[in-house]
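Note sheet for the following structure.
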Amino acid sequence: MRLLTIAAFFIVMQVQADTSSMMDTFLSVKSNPTTRMTAIQAGEDRATLCGYCHGKNGNSVKSGVPNLAGQNAEYLFQQFSLFADGTRKNYVMERLAKVVTPEDQINLALYYGSLPVLPQANVHSSVRGKEIYQGFCFACHGENGLGSAKLPRVAGQKRDFIIKALTAFKEGDVHRNKSPMVAIMEKVNREDIEPLADYLASLNHP
């Protein structure tokens, strides 16, 4: 048993090292205009399969599936590893993440991050939602909801997806219990989730 524990430890350490090395490669590709453009073009070619759910232009065609367009590229890239190792749970994405090559992960993240988020039809802002956002969310996701390298853009995200995600955090979904969002959503009333989603979905920044 002790040998198995030690072996597992070294496997985890190797995965962490590989992930760190991949991020270094990602940042190198992103920082060079020539390699970044090449990666974006390759990502467009590779994104056909993703388009069935996330839309050909990264703007989701399914209400409960998130937009990828305009999402922070570093954040997107990190999500591949989280799906692949089971930290993030989604039947389809867990399987796709395990077979997508590191090169394709870089290309797809940069491609989707380069696309504009399109305004959503029949979505209206909410004064109450804005109040909740400014009270609980802006410190991490930014004043305009654009997030950061480690945190997702929420501006212009699909309304139904936001509601689904926030409700899961609120209800303490076992697959999300390591996220700081669980503690935050404990302070947000259930009836404020939809107004918050309305506000975020209506934000449309470049």
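Labeling convention for the structure tokens: chains A, B, ... as they appear, residues from 1 per chain, ligands from 1 in order of appearance.
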
List as CSV every residue of segment 7-90 of chain A that is in contact with segment 155-179 of chain A, defined as an atom at most 9 Å from one of its atoms (using only C-alpha atoms), together with the nearest atom pair and the distance in Å rounded to one decimal, sorted by chain and then rising number.
residue,atom,partner,partner_atom,distance
A:Asn59,CA,A:Lys158,CA,8.7
A:Ser60,CA,A:Lys158,CA,7.6
A:Lys62,CA,A:Lys158,CA,8.7
A:Ser63,CA,A:Asp160,CA,5.5
A:Gly64,CA,A:Phe161,CA,4.3
A:Val65,CA,A:Phe161,CA,5.8
A:Pro66,CA,A:Lys158,CA,5.9
A:Asn67,CA,A:Gln157,CA,5.9
A:Leu68,CA,A:Gln157,CA,8.7
A:Thr87,CA,A:His175,CA,7.5
A:Arg88,CA,A:His175,CA,7.0
A:Lys89,CA,A:His175,CA,6.6

Checklist line | DSSP helix (DSSP H, G or I) residues within segment 48-173 of chain A, as JSON, numbers by chain | finding: {"A": [51, 52, 53, 54, 73, 74, 75, 76, 77, 78, 79, 80, 81, 82, 83, 84, 91, 92, 93, 94, 95, 96, 97, 98, 99, 102, 103, 104, 105, 106, 107, 108, 109, 110, 111, 112, 113, 127, 128, 129, 130, 131, 132, 133, 134, 135, 136, 138, 139, 140, 141, 159, 160, 161, 162, 163, 164, 165, 166, 167, 168, 169, 170]}

Next item on the list: Quick one: pull the distance between atom CA of Gly142 of chain A and atom CA of Asn32 of chain A, Å, one decimal.
Entry: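 Pair atom CA of Gly142 of chain A / atom CA of Asn32 of chain A returns 26.3 Å.
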
Next item on the list: Using atom CA of Asp192 of chain A and atom CA of Leu151 of chain A as the two end points, give the distance in Å to one decimal.
Entry: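 Taking atom CA of Asp192 of chain A as the start and atom CA of Leu151 of chain A as the end point, the length is 21.7 Å.
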
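Nearest residue to Asp24 of chain A among A:Gln78, A:Asn204, A:Thr101, A:Ser148 is A:Gln78, counting only C-alpha atoms.
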
Notebook entry, point to check: Restricting the calculation to only C-alpha atoms, which member of A:Val188, A:Cys140, A:Ala197, A:Leu76 is positioned closest to Ser125 of chain A?
Noted result: A:Ala197

Item checked: Residue among A:Ile193, A:Ile184, A:Ala201, A:Cys50 lying closest to Tyr112 of chain A, counting only C-alpha atoms -> A:Cys50

Next item on the list: Excluding Phe83 of chain A and residues on its chain fewer than 4 positions from it, collect all residues at most 10 Å away from it, counting only C-alpha atoms, and give them as a list in words.
Entry: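 Contacts, in chain order: Gln78, Gln79, Thr87, Arg88, Lys89, Asn90, Tyr91, Val92, Met93, Glu94, Arg95, Leu96, Ala97 and Lys98 of chain A.
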
Next item on the list: Would you list the contacts of Leu108 of chain A as a VMD selection string, taking every protein, DNA or RNA residue within 12 Å and counting only C-alpha atoms, but skipping same-chain residues closer than 2 positions in sequence?
Entry: chain A and resid 26 30 36 to 51 57 to 58 68 to 69 71 to 80 97 100 to 106 110 to 115

Item checked: Nearest candidate to Arg153 of chain A (options A:Gly129, A:Asp198, A:Ser31, A:Val117; using only C-alpha atoms) ->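 Between A:Gly129, A:Asp198, A:Ser31, A:Val117, the residue approaching Arg153 of chain A most closely is A:Val117.
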
Next item on the list: Kindly give the distance, in Å, that separates atom CA of Tyr52 of chain A and atom CA of Ala109 of chain A, rounded to a single decimal.
Entry: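 Atom CA of Ala109 of chain A lies 16.7 Å from atom CA of Tyr52 of chain A.
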